[in-house]
Amino acid sequence: MIIAVIGPSGSGKGTQSRLLSEHFGIETISTGDLLRKEIANKTEIGRRVEQYVQKGEWPPDSLVVQPLYAKLQEINIAKGFVLDGFPRTGSQVGLLDSLLGEFNQKLTAAIHFYLPTDEILNRMRKQRGENEIRPDTDEEVIRQRLQSYIDTIYPIAQQYLHRGMLISVDARPSVEEIFRDIIRQLNLITSKQ
Ligand code: AMP
C-alpha cells in the first residue's frame, strides 16, 4: 500500500498520514521533513534548498527527488508507506511513477484534502502567527501562495482522478470522520485494483 497525501498546509494531512501509518503499520515519509533534515545536517542539498524551504517556496524537483530516492532505498518499500508532501507539482506526478517503477512498485491511491479557498486562507494566516511586522505584504504573499497552490494541486488531483486512484476528502469534519471517509474510499479503490 503506497499512499500519497496531497493538500494545503494546515489541512490536517499530517495527522491523517500518522493515523494511516498506525492503521497499516507502515511509515510516513514527508518530503518536508526530509528537506528540513538536509538543512539541519548542512548537506549540499540542504544548503541549496534552505532559502526555498524557509520562504515556503518550492525548490527544483531534482533537489526534492534526491533525498526521497535515498529514503526509499533505506526502507522496506514492498511493505508500503505513506508519502506526505509529494507530488506537489504536476511534473512530480510522473517523477513519482518513475521513482516507484525503479523499485517495481506502484502508487495505490492519492488522497486530496479538500478545503474551500476561504478556509485555506484562514489556516494559512493562522500559521503565519500574529507577530508579523508587515501585514499587507504578508497578506499579498499568502494570496500568491494560495493561487500557486490552486494552480498546481488541481491538475495533480485531476491526473489521479482519471486513473481512478483519487480519494478526495473534505478536510473540515473531525479527525475521526475524515479518517473513516479515507478508509471507506481506500477500500473501494483497492477492491477494484
Ligand atoms: P511541508 O512540511 O510539506 O509543508 O514542506 C515544507 C517545505 O518543504 C515546503 O514549503 C517546500 O519548500 C518544501 N517541499 C516539501 N515537499 C516538496 C515537494 N514535493 N516539492 C517541492 N518542495 C517541497
# chains A, B, ... in the order shown; residues from 1 in each chain; ligands from 1
>>> residues_around(residues="stretch 57-60 of chain A", least_positions_apart="5", cutoff="12 Å", atoms="only C-alpha atoms", output="PyMOL selection string")
chain A and resi 31-32+35+45-52+65-66+85-89+91-92+141-142+144-146+148-149+152
>>> closest_residue(among="A:Asn76, A:Gly94, A:Phe113, A:Glu44", to="A:Asp61", atoms="only C-alpha atoms")
A:Gly94
>>> decode(residues="stretch 141-165 of chain A", atoms="N, CA, C and O atoms", output="PDB file, in the first residue's frame")
ATOM      1  N   VAL A 141       1.562  37.910   0.063  1.00  0.00           N
ATOM      2  CA  VAL A 141       2.331  36.668  -0.061  1.00  0.00           C
ATOM      3  C   VAL A 141       1.409  35.456   0.114  1.00  0.00           C
ATOM      4  O   VAL A 141       1.460  34.495  -0.649  1.00  0.00           O
ATOM      5  N   ILE A 142       0.537  35.551   1.097  1.00  0.00           N
ATOM      6  CA  ILE A 142      -0.383  34.444   1.372  1.00  0.00           C
ATOM      7  C   ILE A 142      -1.312  34.217   0.185  1.00  0.00           C
ATOM      8  O   ILE A 142      -1.558  33.083  -0.234  1.00  0.00           O
ATOM      9  N   ARG A 143      -1.807  35.325  -0.395  1.00  0.00           N
ATOM     10  CA  ARG A 143      -2.715  35.189  -1.545  1.00  0.00           C
ATOM     11  C   ARG A 143      -1.999  34.590  -2.751  1.00  0.00           C
ATOM     12  O   ARG A 143      -2.565  33.772  -3.474  1.00  0.00           O
ATOM     13  N   GLN A 144      -0.745  34.993  -2.942  1.00  0.00           N
ATOM     14  CA  GLN A 144       0.043  34.417  -4.052  1.00  0.00           C
ATOM     15  C   GLN A 144       0.243  32.923  -3.827  1.00  0.00           C
ATOM     16  O   GLN A 144       0.158  32.121  -4.748  1.00  0.00           O
ATOM     17  N   ARG A 145       0.522  32.584  -2.578  1.00  0.00           N
ATOM     18  CA  ARG A 145       0.763  31.178  -2.250  1.00  0.00           C
ATOM     19  C   ARG A 145      -0.503  30.347  -2.475  1.00  0.00           C
ATOM     20  O   ARG A 145      -0.461  29.242  -2.979  1.00  0.00           O
ATOM     21  N   LEU A 146      -1.631  30.943  -2.107  1.00  0.00           N
ATOM     22  CA  LEU A 146      -2.908  30.249  -2.320  1.00  0.00           C
ATOM     23  C   LEU A 146      -3.120  30.013  -3.821  1.00  0.00           C
ATOM     24  O   LEU A 146      -3.486  28.915  -4.244  1.00  0.00           O
ATOM     25  N   GLN A 147      -2.861  31.063  -4.618  1.00  0.00           N
ATOM     26  CA  GLN A 147      -3.063  30.935  -6.064  1.00  0.00           C
ATOM     27  C   GLN A 147      -2.151  29.856  -6.654  1.00  0.00           C
ATOM     28  O   GLN A 147      -2.603  29.024  -7.434  1.00  0.00           O
ATOM     29  N   SER A 148      -0.879  29.874  -6.244  1.00  0.00           N
ATOM     30  CA  SER A 148       0.031  28.881  -6.818  1.00  0.00           C
ATOM     31  C   SER A 148      -0.356  27.479  -6.336  1.00  0.00           C
ATOM     32  O   SER A 148      -0.221  26.501  -7.062  1.00  0.00           O
ATOM     33  N   TYR A 149      -0.904  27.419  -5.126  1.00  0.00           N
ATOM     34  CA  TYR A 149      -1.380  26.123  -4.630  1.00  0.00           C
ATOM     35  C   TYR A 149      -2.531  25.620  -5.504  1.00  0.00           C
ATOM     36  O   TYR A 149      -2.529  24.473  -5.966  1.00  0.00           O
ATOM     37  N   ILE A 150      -3.498  26.501  -5.761  1.00  0.00           N
ATOM     38  CA  ILE A 150      -4.664  26.112  -6.566  1.00  0.00           C
ATOM     39  C   ILE A 150      -4.228  25.725  -7.985  1.00  0.00           C
ATOM     40  O   ILE A 150      -4.692  24.736  -8.544  1.00  0.00           O
ATOM     41  N   ASP A 151      -3.297  26.527  -8.546  1.00  0.00           N
ATOM     42  CA  ASP A 151      -2.835  26.267  -9.913  1.00  0.00           C
ATOM     43  C   ASP A 151      -2.163  24.907 -10.045  1.00  0.00           C
ATOM     44  O   ASP A 151      -2.159  24.318 -11.111  1.00  0.00           O
ATOM     45  N   THR A 152      -1.544  24.438  -8.956  1.00  0.00           N
ATOM     46  CA  THR A 152      -0.805  23.174  -9.080  1.00  0.00           C
ATOM     47  C   THR A 152      -1.590  21.969  -8.564  1.00  0.00           C
ATOM     48  O   THR A 152      -1.544  20.911  -9.162  1.00  0.00           O
ATOM     49  N   ILE A 153      -2.332  22.152  -7.475  1.00  0.00           N
ATOM     50  CA  ILE A 153      -2.933  20.971  -6.837  1.00  0.00           C
ATOM     51  C   ILE A 153      -4.061  20.361  -7.673  1.00  0.00           C
ATOM     52  O   ILE A 153      -4.203  19.143  -7.740  1.00  0.00           O
ATOM     53  N   TYR A 154      -4.855  21.228  -8.328  1.00  0.00           N
ATOM     54  CA  TYR A 154      -5.990  20.675  -9.058  1.00  0.00           C
ATOM     55  C   TYR A 154      -5.564  19.834 -10.258  1.00  0.00           C
ATOM     56  O   TYR A 154      -6.116  18.740 -10.466  1.00  0.00           O
ATOM     57  N   PRO A 155      -4.556  20.291 -11.035  1.00  0.00           N
ATOM     58  CA  PRO A 155      -4.078  19.403 -12.112  1.00  0.00           C
ATOM     59  C   PRO A 155      -3.537  18.072 -11.590  1.00  0.00           C
ATOM     60  O   PRO A 155      -3.706  17.039 -12.235  1.00  0.00           O
ATOM     61  N   ILE A 156      -2.920  18.079 -10.422  1.00  0.00           N
ATOM     62  CA  ILE A 156      -2.412  16.822  -9.844  1.00  0.00           C
ATOM     63  C   ILE A 156      -3.596  15.910  -9.514  1.00  0.00           C
ATOM     64  O   ILE A 156      -3.639  14.743  -9.900  1.00  0.00           O
ATOM     65  N   ALA A 157      -4.582  16.491  -8.814  1.00  0.00           N
ATOM     66  CA  ALA A 157      -5.755  15.702  -8.418  1.00  0.00           C
ATOM     67  C   ALA A 157      -6.461  15.144  -9.661  1.00  0.00           C
ATOM     68  O   ALA A 157      -6.888  13.988  -9.670  1.00  0.00           O
ATOM     69  N   GLN A 158      -6.549  15.977 -10.718  1.00  0.00           N
ATOM     70  CA  GLN A 158      -7.192  15.534 -11.973  1.00  0.00           C
ATOM     71  C   GLN A 158      -6.516  14.297 -12.547  1.00  0.00           C
ATOM     72  O   GLN A 158      -7.170  13.369 -12.998  1.00  0.00           O
ATOM     73  N   GLN A 159      -5.184  14.309 -12.536  1.00  0.00           N
ATOM     74  CA  GLN A 159      -4.445  13.174 -13.099  1.00  0.00           C
ATOM     75  C   GLN A 159      -4.793  11.881 -12.359  1.00  0.00           C
ATOM     76  O   GLN A 159      -5.023  10.844 -12.970  1.00  0.00           O
ATOM     77  N   TYR A 160      -4.851  11.976 -11.036  1.00  0.00           N
ATOM     78  CA  TYR A 160      -5.168  10.781 -10.257  1.00  0.00           C
ATOM     79  C   TYR A 160      -6.636  10.389 -10.412  1.00  0.00           C
ATOM     80  O   TYR A 160      -6.975   9.203 -10.397  1.00  0.00           O
ATOM     81  N   LEU A 161      -7.491  11.395 -10.578  1.00  0.00           N
ATOM     82  CA  LEU A 161      -8.914  11.120 -10.786  1.00  0.00           C
ATOM     83  C   LEU A 161      -9.090  10.282 -12.054  1.00  0.00           C
ATOM     84  O   LEU A 161      -9.801   9.274 -12.061  1.00  0.00           O
ATOM     85  N   HIS A 162      -8.408  10.701 -13.132  1.00  0.00           N
ATOM     86  CA  HIS A 162      -8.512   9.970 -14.399  1.00  0.00           C
ATOM     87  C   HIS A 162      -8.001   8.542 -14.288  1.00  0.00           C
ATOM     88  O   HIS A 162      -8.446   7.663 -15.011  1.00  0.00           O
ATOM     89  N   ARG A 163      -7.072   8.338 -13.381  1.00  0.00           N
ATOM     90  CA  ARG A 163      -6.534   6.982 -13.212  1.00  0.00           C
ATOM     91  C   ARG A 163      -7.367   6.146 -12.240  1.00  0.00           C
ATOM     92  O   ARG A 163      -7.023   5.012 -11.948  1.00  0.00           O
ATOM     93  N   GLY A 164      -8.414   6.766 -11.689  1.00  0.00           N
ATOM     94  CA  GLY A 164      -9.276   6.033 -10.753  1.00  0.00           C
ATOM     95  C   GLY A 164      -8.616   5.769  -9.418  1.00  0.00           C
ATOM     96  O   GLY A 164      -8.959   4.808  -8.731  1.00  0.00           O
ATOM     97  N   MET A 165      -7.662   6.617  -9.050  1.00  0.00           N
ATOM     98  CA  MET A 165      -7.000   6.375  -7.765  1.00  0.00           C
ATOM     99  C   MET A 165      -7.022   7.606  -6.860  1.00  0.00           C
ATOM    100  O   MET A 165      -6.237   7.703  -5.931  1.00  0.00           O
TER     101      MET A 165
END
